[in-house]
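Below is protein38.txt, holding compact mmCIF, C-alpha atoms and all ligand atoms.
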```txt
# COMPACT_ATOMS: atom_id res chain seq x y z
CA MET A 1 -3.55 71.05 -43.55
CA VAL A 2 -2.33 70.48 -40.03
CA LYS A 3 -2.13 66.87 -38.95
CA VAL A 4 -3.66 66.48 -35.51
CA ILE A 5 -3.34 62.71 -35.26
CA LEU A 6 -0.88 60.37 -36.89
CA ALA A 7 -0.96 56.68 -36.02
CA THR A 8 1.53 54.28 -37.57
CA SER A 9 1.43 50.50 -37.15
CA LEU A 10 -0.44 51.14 -33.93
CA CYS A 11 -1.11 48.04 -31.81
CA LYS A 12 -2.71 47.50 -28.42
CA TYR A 13 -2.78 44.04 -26.87
CA PHE A 14 -4.24 43.04 -23.54
CA GLU A 15 -3.09 39.94 -21.75
CA ILE A 16 -5.46 38.20 -19.36
CA ASP A 17 -4.73 34.76 -17.93
CA GLU A 18 -2.15 34.15 -20.64
CA VAL A 19 -4.71 34.87 -23.34
CA ILE A 20 -3.76 37.77 -25.57
CA VAL A 21 -6.51 40.00 -26.94
CA GLU A 22 -5.40 42.00 -29.94
CA ALA A 23 -7.68 45.00 -29.45
CA ILE A 24 -5.96 47.26 -32.02
CA LYS A 25 -3.87 45.75 -34.80
CA ASP A 26 -1.56 47.63 -37.15
CA VAL A 27 -3.65 50.75 -37.48
CA ASP A 28 -2.37 53.52 -39.77
CA LEU A 29 -4.40 56.69 -39.56
CA THR A 30 -4.08 60.40 -40.28
CA ILE A 31 -6.61 62.93 -39.06
CA GLU A 32 -6.39 66.61 -39.91
CA GLU A 33 -7.34 69.66 -37.91
CA GLY A 34 -11.08 70.34 -37.91
CA GLU A 35 -12.07 66.94 -39.29
CA PHE A 36 -15.13 65.17 -37.89
CA ILE A 37 -14.46 61.42 -37.92
CA ALA A 38 -16.89 58.64 -37.09
CA ILE A 39 -15.57 55.21 -36.12
CA TYR A 40 -18.01 52.34 -36.38
CA GLY A 41 -17.80 48.59 -36.17
CA PRO A 42 -19.13 45.67 -34.13
CA SER A 43 -18.96 45.41 -30.36
CA GLY A 44 -15.44 44.44 -29.30
CA ALA A 45 -13.90 45.76 -32.53
CA GLY A 46 -11.60 48.12 -30.61
CA LYS A 47 -13.37 51.48 -30.92
CA THR A 48 -13.00 52.46 -27.26
CA THR A 49 -9.43 51.18 -27.19
CA LEU A 50 -8.52 53.35 -30.20
CA LEU A 51 -10.09 56.44 -28.61
CA ASN A 52 -8.21 55.72 -25.38
CA LEU A 53 -4.91 55.51 -27.29
CA ILE A 54 -5.58 58.79 -29.13
CA GLY A 55 -6.67 60.49 -25.90
CA ALA A 56 -3.58 59.35 -23.96
CA LEU A 57 -5.64 57.27 -21.55
CA ASP A 58 -3.81 54.14 -22.63
CA LYS A 59 -0.40 53.39 -24.12
CA PRO A 60 0.39 51.50 -27.33
CA THR A 61 1.85 48.01 -27.10
CA SER A 62 3.79 48.81 -30.27
CA GLY A 63 3.68 51.32 -33.09
CA LYS A 64 3.11 55.02 -32.64
CA VAL A 65 0.38 57.51 -31.99
CA VAL A 66 1.37 61.15 -32.39
CA VAL A 67 -1.21 63.73 -31.29
CA PHE A 68 -0.54 67.45 -31.65
CA ASP A 69 3.11 66.59 -32.33
CA HIS A 70 3.46 64.55 -29.13
CA ASP A 71 4.52 60.93 -29.49
CA LEU A 72 2.28 59.68 -26.68
CA GLY A 73 4.05 56.36 -26.12
CA ALA A 74 7.21 58.22 -25.15
CA TYR A 75 5.83 60.02 -22.09
CA GLY A 76 5.18 59.16 -18.46
CA GLU A 77 1.84 59.52 -16.68
CA ASN A 78 2.54 63.00 -15.28
CA PHE A 79 3.11 64.52 -18.66
CA LEU A 80 0.19 62.60 -20.16
CA ALA A 81 -2.17 64.04 -17.53
CA THR A 82 -1.02 67.55 -18.46
CA PHE A 83 -1.36 66.68 -22.13
CA ARG A 84 -4.94 65.47 -21.67
CA SER A 85 -5.91 68.52 -19.69
CA ALA A 86 -4.62 70.86 -22.39
CA TYR A 87 -5.64 69.05 -25.57
CA VAL A 88 -8.35 66.44 -25.08
CA GLY A 89 -12.01 66.47 -24.08
CA PHE A 90 -13.39 63.00 -23.45
CA VAL A 91 -17.05 61.95 -23.40
CA PHE A 92 -17.03 58.39 -22.10
CA GLN A 93 -19.27 55.52 -23.16
CA SER A 94 -20.93 55.48 -19.73
CA TYR A 95 -20.74 59.22 -18.85
CA ASN A 96 -18.20 58.64 -15.99
CA LEU A 97 -19.46 61.61 -13.98
CA ILE A 98 -18.23 61.73 -10.40
CA SER A 99 -21.23 60.61 -8.38
CA THR A 100 -20.38 62.62 -5.25
CA LEU A 101 -20.09 65.91 -7.14
CA THR A 102 -22.99 68.01 -8.43
CA ALA A 103 -23.42 68.81 -12.13
CA LEU A 104 -21.70 72.17 -11.60
CA GLU A 105 -18.85 70.62 -9.60
CA ASN A 106 -18.31 67.92 -12.23
CA ILE A 107 -17.62 70.66 -14.77
CA ALA A 108 -15.61 72.89 -12.40
CA PHE A 109 -13.34 70.02 -11.44
CA VAL A 110 -11.71 69.94 -14.90
CA VAL A 111 -10.64 73.57 -14.86
CA GLU A 112 -9.61 73.34 -11.20
CA LEU A 113 -7.17 70.62 -12.30
CA ALA A 114 -5.99 72.92 -15.07
CA GLY A 115 -5.15 75.50 -12.39
CA TRP A 116 -7.78 78.16 -13.09
CA GLU A 117 -8.67 80.77 -10.50
CA ARG A 118 -11.90 80.51 -8.48
CA GLU A 119 -13.89 83.28 -10.10
CA ARG A 120 -12.99 82.11 -13.60
CA ILE A 121 -13.91 78.51 -12.70
CA LYS A 122 -17.29 79.65 -11.45
CA ASN A 123 -18.00 81.74 -14.53
CA ARG A 124 -16.92 79.02 -16.93
CA SER A 125 -18.89 76.23 -15.21
CA GLU A 126 -22.04 78.33 -14.93
CA SER A 127 -21.90 79.50 -18.52
CA LEU A 128 -21.40 75.93 -19.79
CA LEU A 129 -24.38 74.70 -17.76
CA LYS A 130 -26.43 77.50 -19.28
CA LEU A 131 -25.20 76.72 -22.79
CA PHE A 132 -26.42 73.15 -22.35
CA GLY A 133 -29.73 74.23 -20.82
CA LEU A 134 -28.90 72.81 -17.40
CA GLU A 135 -28.73 75.85 -15.15
CA HIS A 136 -31.69 74.49 -13.15
CA ARG A 137 -29.74 71.28 -12.53
CA ALA A 138 -26.54 72.88 -11.20
CA ASN A 139 -26.81 71.42 -7.72
CA HIS A 140 -28.12 68.01 -8.72
CA PHE A 141 -25.99 64.91 -8.40
CA PRO A 142 -25.59 62.56 -11.39
CA ALA A 143 -28.03 60.02 -9.90
CA GLN A 144 -30.68 62.77 -9.88
CA LEU A 145 -30.28 63.51 -13.59
CA SER A 146 -31.84 61.85 -16.63
CA GLY A 147 -29.63 60.07 -19.16
CA GLY A 148 -29.76 63.00 -21.57
CA GLU A 149 -28.95 65.48 -18.79
CA ARG A 150 -25.99 63.37 -17.69
CA GLN A 151 -24.73 63.23 -21.24
CA ARG A 152 -25.02 67.02 -21.55
CA VAL A 153 -23.06 67.45 -18.29
CA ALA A 154 -20.48 65.04 -19.74
CA PHE A 155 -20.18 67.24 -22.84
CA ALA A 156 -19.95 70.41 -20.75
CA ARG A 157 -17.19 68.80 -18.70
CA ALA A 158 -15.33 67.64 -21.81
CA LEU A 159 -15.43 71.18 -23.24
CA ALA A 160 -14.64 73.04 -20.01
CA ASN A 161 -10.98 73.68 -20.78
CA ASP A 162 -11.76 74.40 -24.46
CA PRO A 163 -9.73 71.48 -25.84
CA PRO A 164 -8.94 71.42 -29.56
CA LEU A 165 -9.73 67.68 -29.75
CA LEU A 166 -13.00 66.07 -28.63
CA LEU A 167 -13.37 62.30 -28.34
CA ALA A 168 -16.88 60.96 -27.79
CA ASP A 169 -17.56 57.27 -27.24
CA GLU A 170 -21.09 56.26 -28.37
CA PRO A 171 -22.47 59.64 -27.26
CA THR A 172 -26.02 58.81 -28.36
CA GLY A 173 -25.86 55.09 -27.56
CA ASN A 174 -27.98 55.10 -24.41
CA LEU A 175 -30.40 57.84 -25.36
CA ASP A 176 -33.86 57.91 -26.91
CA THR A 177 -34.24 59.40 -30.40
CA GLU A 178 -35.16 62.90 -29.26
CA THR A 179 -32.42 63.22 -26.65
CA GLY A 180 -30.00 61.69 -29.14
CA LEU A 181 -30.91 64.47 -31.58
CA GLU A 182 -29.96 67.09 -28.96
CA ILE A 183 -26.54 65.51 -28.73
CA VAL A 184 -26.20 65.39 -32.53
CA ASN A 185 -26.92 69.13 -32.60
CA ILE A 186 -24.34 69.77 -29.89
CA LEU A 187 -21.76 67.86 -31.93
CA LYS A 188 -22.74 69.83 -35.04
CA GLN A 189 -21.99 73.09 -33.20
CA ILE A 190 -18.69 71.76 -31.89
CA LYS A 191 -17.73 70.82 -35.44
CA GLU A 192 -18.65 74.31 -36.67
CA GLU A 193 -16.33 75.80 -34.04
CA GLY A 194 -13.47 74.08 -35.87
CA LYS A 195 -12.59 71.52 -33.24
CA THR A 196 -11.35 68.12 -34.33
CA VAL A 197 -13.96 65.54 -33.34
CA ILE A 198 -13.80 61.75 -33.26
CA VAL A 199 -16.88 59.76 -32.31
CA ALA A 200 -17.32 56.03 -31.93
CA THR A 201 -20.88 55.44 -33.05
CA HIS A 202 -23.47 53.35 -34.85
CA ASP A 203 -25.86 56.27 -35.11
CA GLU A 204 -26.79 56.97 -38.74
CA LYS A 205 -27.21 60.68 -37.98
CA LEU A 206 -23.67 60.97 -36.64
CA LEU A 207 -22.27 58.91 -39.51
CA LYS A 208 -23.97 61.36 -41.88
CA LEU A 209 -22.55 64.36 -40.01
CA ALA A 210 -19.01 63.01 -40.27
CA ASP A 211 -16.51 64.12 -42.91
CA ARG A 212 -15.19 60.55 -42.96
CA SER A 213 -16.29 57.24 -41.48
CA LEU A 214 -13.81 54.53 -40.55
CA CYS A 215 -14.77 50.92 -39.98
CA LEU A 216 -12.96 48.91 -37.31
CA LYS A 217 -13.20 45.14 -37.39
CA ASP A 218 -11.23 42.86 -35.08
CA GLY A 219 -8.89 45.75 -34.29
CA ARG A 220 -8.16 46.58 -37.92
CA LEU A 221 -9.29 49.55 -39.97
CA THR A 222 -11.16 48.58 -43.11
CA GLU A 223 -12.40 51.61 -45.03
N1 LIG X 1 -8.68 46.82 -20.16
C1 LIG X 1 -8.86 45.73 -20.91
N2 LIG X 1 -8.36 44.55 -20.54
C2 LIG X 1 -8.52 43.46 -21.30
N3 LIG X 1 -9.18 43.44 -22.46
C3 LIG X 1 -9.70 44.58 -22.88
C4 LIG X 1 -9.57 45.80 -22.15
N4 LIG X 1 -10.20 46.77 -22.83
C5 LIG X 1 -10.69 46.20 -23.94
N5 LIG X 1 -10.40 44.90 -23.99
C6 LIG X 1 -10.74 43.96 -25.07
O1 LIG X 1 -10.34 44.55 -26.30
C7 LIG X 1 -11.32 44.35 -27.31
C8 LIG X 1 -11.80 45.67 -27.83
O2 LIG X 1 -12.57 46.31 -26.82
P1 LIG X 1 -13.20 47.75 -27.00
O3 LIG X 1 -13.81 48.12 -25.70
O4 LIG X 1 -12.17 48.66 -27.55
O5 LIG X 1 -14.32 47.47 -28.11
P2 LIG X 1 -15.47 48.43 -28.64
O6 LIG X 1 -15.37 48.42 -30.13
O7 LIG X 1 -15.40 49.75 -27.98
O8 LIG X 1 -16.81 47.65 -28.23
P3 LIG X 1 -18.27 48.24 -27.80
O9 LIG X 1 -18.95 48.59 -29.11
O10 LIG X 1 -18.93 47.08 -27.15
O11 LIG X 1 -18.08 49.39 -26.91
C9 LIG X 1 -12.41 43.50 -26.67
O12 LIG X 1 -12.17 42.15 -27.00
C10 LIG X 1 -12.23 43.73 -25.19
O13 LIG X 1 -12.64 42.62 -24.45
MG MG X 2 -16.66 50.76 -26.72
```

Can the structure in the file be given as structure tokens, please?
Ligand SMILES: Nc1ncnc2c1ncn2[C@@H]1O[C@H](COP(=O)(O)OP(=O)(O)OP(=O)(O)O)[C@@H](O)[C@H]1O
Ligand SMILES: [Mg+2]
Amino acid sequence: MVKVILATSLCKYFEIDEVIVEAIKDVDLTIEEGEFIAIYGPSGAGKTTLLNLIGALDKPTSGKVVVFDHDLGAYGENFLATFRSAYVGFVFQSYNLISTLTALENIAFVVELAGWERERIKNRSESLLKLFGLEHRANHFPAQLSGGERQRVAFARALANDPPLLLADEPTGNLDTETGLEIVNILKQIKEEGKTVIVATHDEKLLKLADRSLCLKDGRLTE
């Protein structure tokens, strides 16, 4: 099996007003290609921090995180931006859509950054909107969308450049049961496509869908 993620003695500390928060402590973790992993644990346990480290949005304080053979702590921001664009789709805990861009533009933006040509950007963004049943919302701004619609735009955006790794932070956390089910089904399809998926979640349905569940507590993994 191909190892997609290898973390060794991974630590992330934040220092605020001389108080040190140990958000991730000594985490060792191996995730293989195509695995669907759920990370659960209490609020403040470090779930978002761990996803940010794996997705190259944050750098380790010590230890290592190697993703697709790249030791992420060893690179500068320019390379990391290129790395993210090529390898990682991120669905954030609070959607993080750009409020001044329409649904279509929020998706197009990702492949514009990746350097795609105009016609291809248009085709890709439109077909993703359609795939997620949002073609009638193309020109709506995030504030004009429901929570479930925003979350579907966030998934479409995360998948726009067809990344092999998808990270989703509490993707059903703010949604009602029915809309949450839609998202579970989307994740099921993504899993079937063979992508590696890591979700931070408390949702029983997602925990059931996962090949493995990992429990984080006070920054440590306890299986
Ligand atoms: N940028 C930051 N600066 C300072 N402290 C931070 C930062 N990000 C996270 N923390 C702290 O690190 C710890 C872990 O936070 P994190 O957001 O990873 O938890 P979480 O498990 O995702 O929680 P939740 O379930 O509420 O989303 C918390 O104590 C938090 O206050
Ligand atoms: Mg979080």

Protein/DNA/RNA residues near (-24.4, 76.5, -20.5), cut 12 Å, all atoms listed in the file, as number ranges by chain: A: 103-104, 107, 122-138, 152-153, 155-157, 159-160, 186

Need to verify the contact set: Pro60 (chain A), 9 Å, all atoms listed in the file, exclusion of same-chain residues closer than 3 positions in sequence. Can you return it as a PDB file with C-alpha atoms, keeping the file's coordinate frame?
```pdb
ATOM      1  CA  LEU A  10      -0.440  51.140 -33.930  1.00  0.00           C
ATOM      2  CA  CYS A  11      -1.110  48.040 -31.810  1.00  0.00           C
ATOM      3  CA  LYS A  12      -2.710  47.500 -28.420  1.00  0.00           C
ATOM      4  CA  TYR A  13      -2.780  44.040 -26.870  1.00  0.00           C
ATOM      5  CA  ILE A  24      -5.960  47.260 -32.020  1.00  0.00           C
ATOM      6  CA  LEU A  53      -4.910  55.510 -27.290  1.00  0.00           C
ATOM      7  CA  GLY A  63       3.680  51.320 -33.090  1.00  0.00           C
ATOM      8  CA  LYS A  64       3.110  55.020 -32.640  1.00  0.00           C
ATOM      9  CA  VAL A  65       0.380  57.510 -31.990  1.00  0.00           C
ATOM     10  CA  LEU A  72       2.280  59.680 -26.680  1.00  0.00           C
ATOM     11  CA  GLY A  73       4.050  56.360 -26.120  1.00  0.00           C
TER      12      GLY A  73
END
```

Straight-line distance linking CA of Gly148 (chain A) with CA of Glu192 (chain A), stated in Å to one decimal: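 Spanning CA of Gly148 (chain A) to CA of Glu192 (chain A) is a straight-line distance of 21.9 Å.
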
Proximity to ligand LIG 1 (chain X) - best of A:Ala7, A:Val184, A:Ala168, A:Ile31, only C-alpha atoms and all ligand atoms: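 Using only C-alpha atoms and all ligand atoms, ligand LIG 1 (chain X) sits closest to A:Ala168.
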
Protein and nucleic residues near ligand LIG 1 (chain X), 7 Å, only C-alpha atoms and all ligand atoms, as an NGL selection string: :A and (14-16 or 21-23 or 41-50)

Residue neighbourhood region 95-99 of chain A, 12 Å, only C-alpha atoms, exclusion window fewer than 4 positions, as JSON, numbers by chain: {"A": [90, 91, 103, 104, 105, 106, 107, 108, 109, 110, 140, 141, 142, 143, 144, 145, 146, 147, 148, 149, 150, 151, 152, 153, 154, 155, 156, 157, 158, 168, 169, 170, 171, 172, 173, 174, 175]}

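Remark: for ligand MG 2 (chain X), the closest of the candidate residues A:Ser85, A:Asp211, A:Glu112, A:Phe92 is A:Phe92 (distances computed over all atoms listed in the file).
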
Point-to-point distance from CA of Lys188 (chain A) to CA of Lys217 (chain A), Å rounded to tenths: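 Taking CA of Lys188 (chain A) and CA of Lys217 (chain A), their separation equals 26.6 Å.
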
Selection near Arg84 (chain A), 8 Å with only C-alpha atoms, sequence-local residues under 5 positions removed, as a list in words: Gly55, Ala56 and Gly89 of chain A

Nearest to ligand MG 2 (chain X), chosen from A:Ser94, A:Asn78, A:Thr196, A:Thr222, with only C-alpha atoms and all ligand atoms counted in the distances: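 For ligand MG 2 (chain X), the nearest of the candidates is A:Ser94.
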
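Using all atoms listed in the file for every distance, the candidate list A:Leu187, A:Leu165, A:Ala210, A:Leu51 yields A:Leu51 as the residue closest to ligand MG 2 (chain X).
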
Distance criterion (only C-alpha atoms and all ligand atoms): nearest to ligand MG 2 (chain X) out of A:Leu181, A:Val66, A:Ala200, A:Ala114: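 Answer, going by the shortest atom-to-atom distance: A:Ala200.
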
Straight-line distance linking CA of Val4 (chain A) with CA of Ser62 (chain A), stated in Å to one decimal: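 These atoms are spaced 19.9 Å apart.
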
Minimum-distance residue to Ser213 (chain A), chosen among A:Ile183, A:Leu57, A:Leu101, A:Ile198 (using only C-alpha atoms):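 Under the stated criterion, the closest residue is A:Ile198.
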
Non-local contacts of Val2 (chain A) (10 Å; all atoms listed in the file; under 4 positions in same chain excluded) as number ranges by chain: A: 31-34, 68
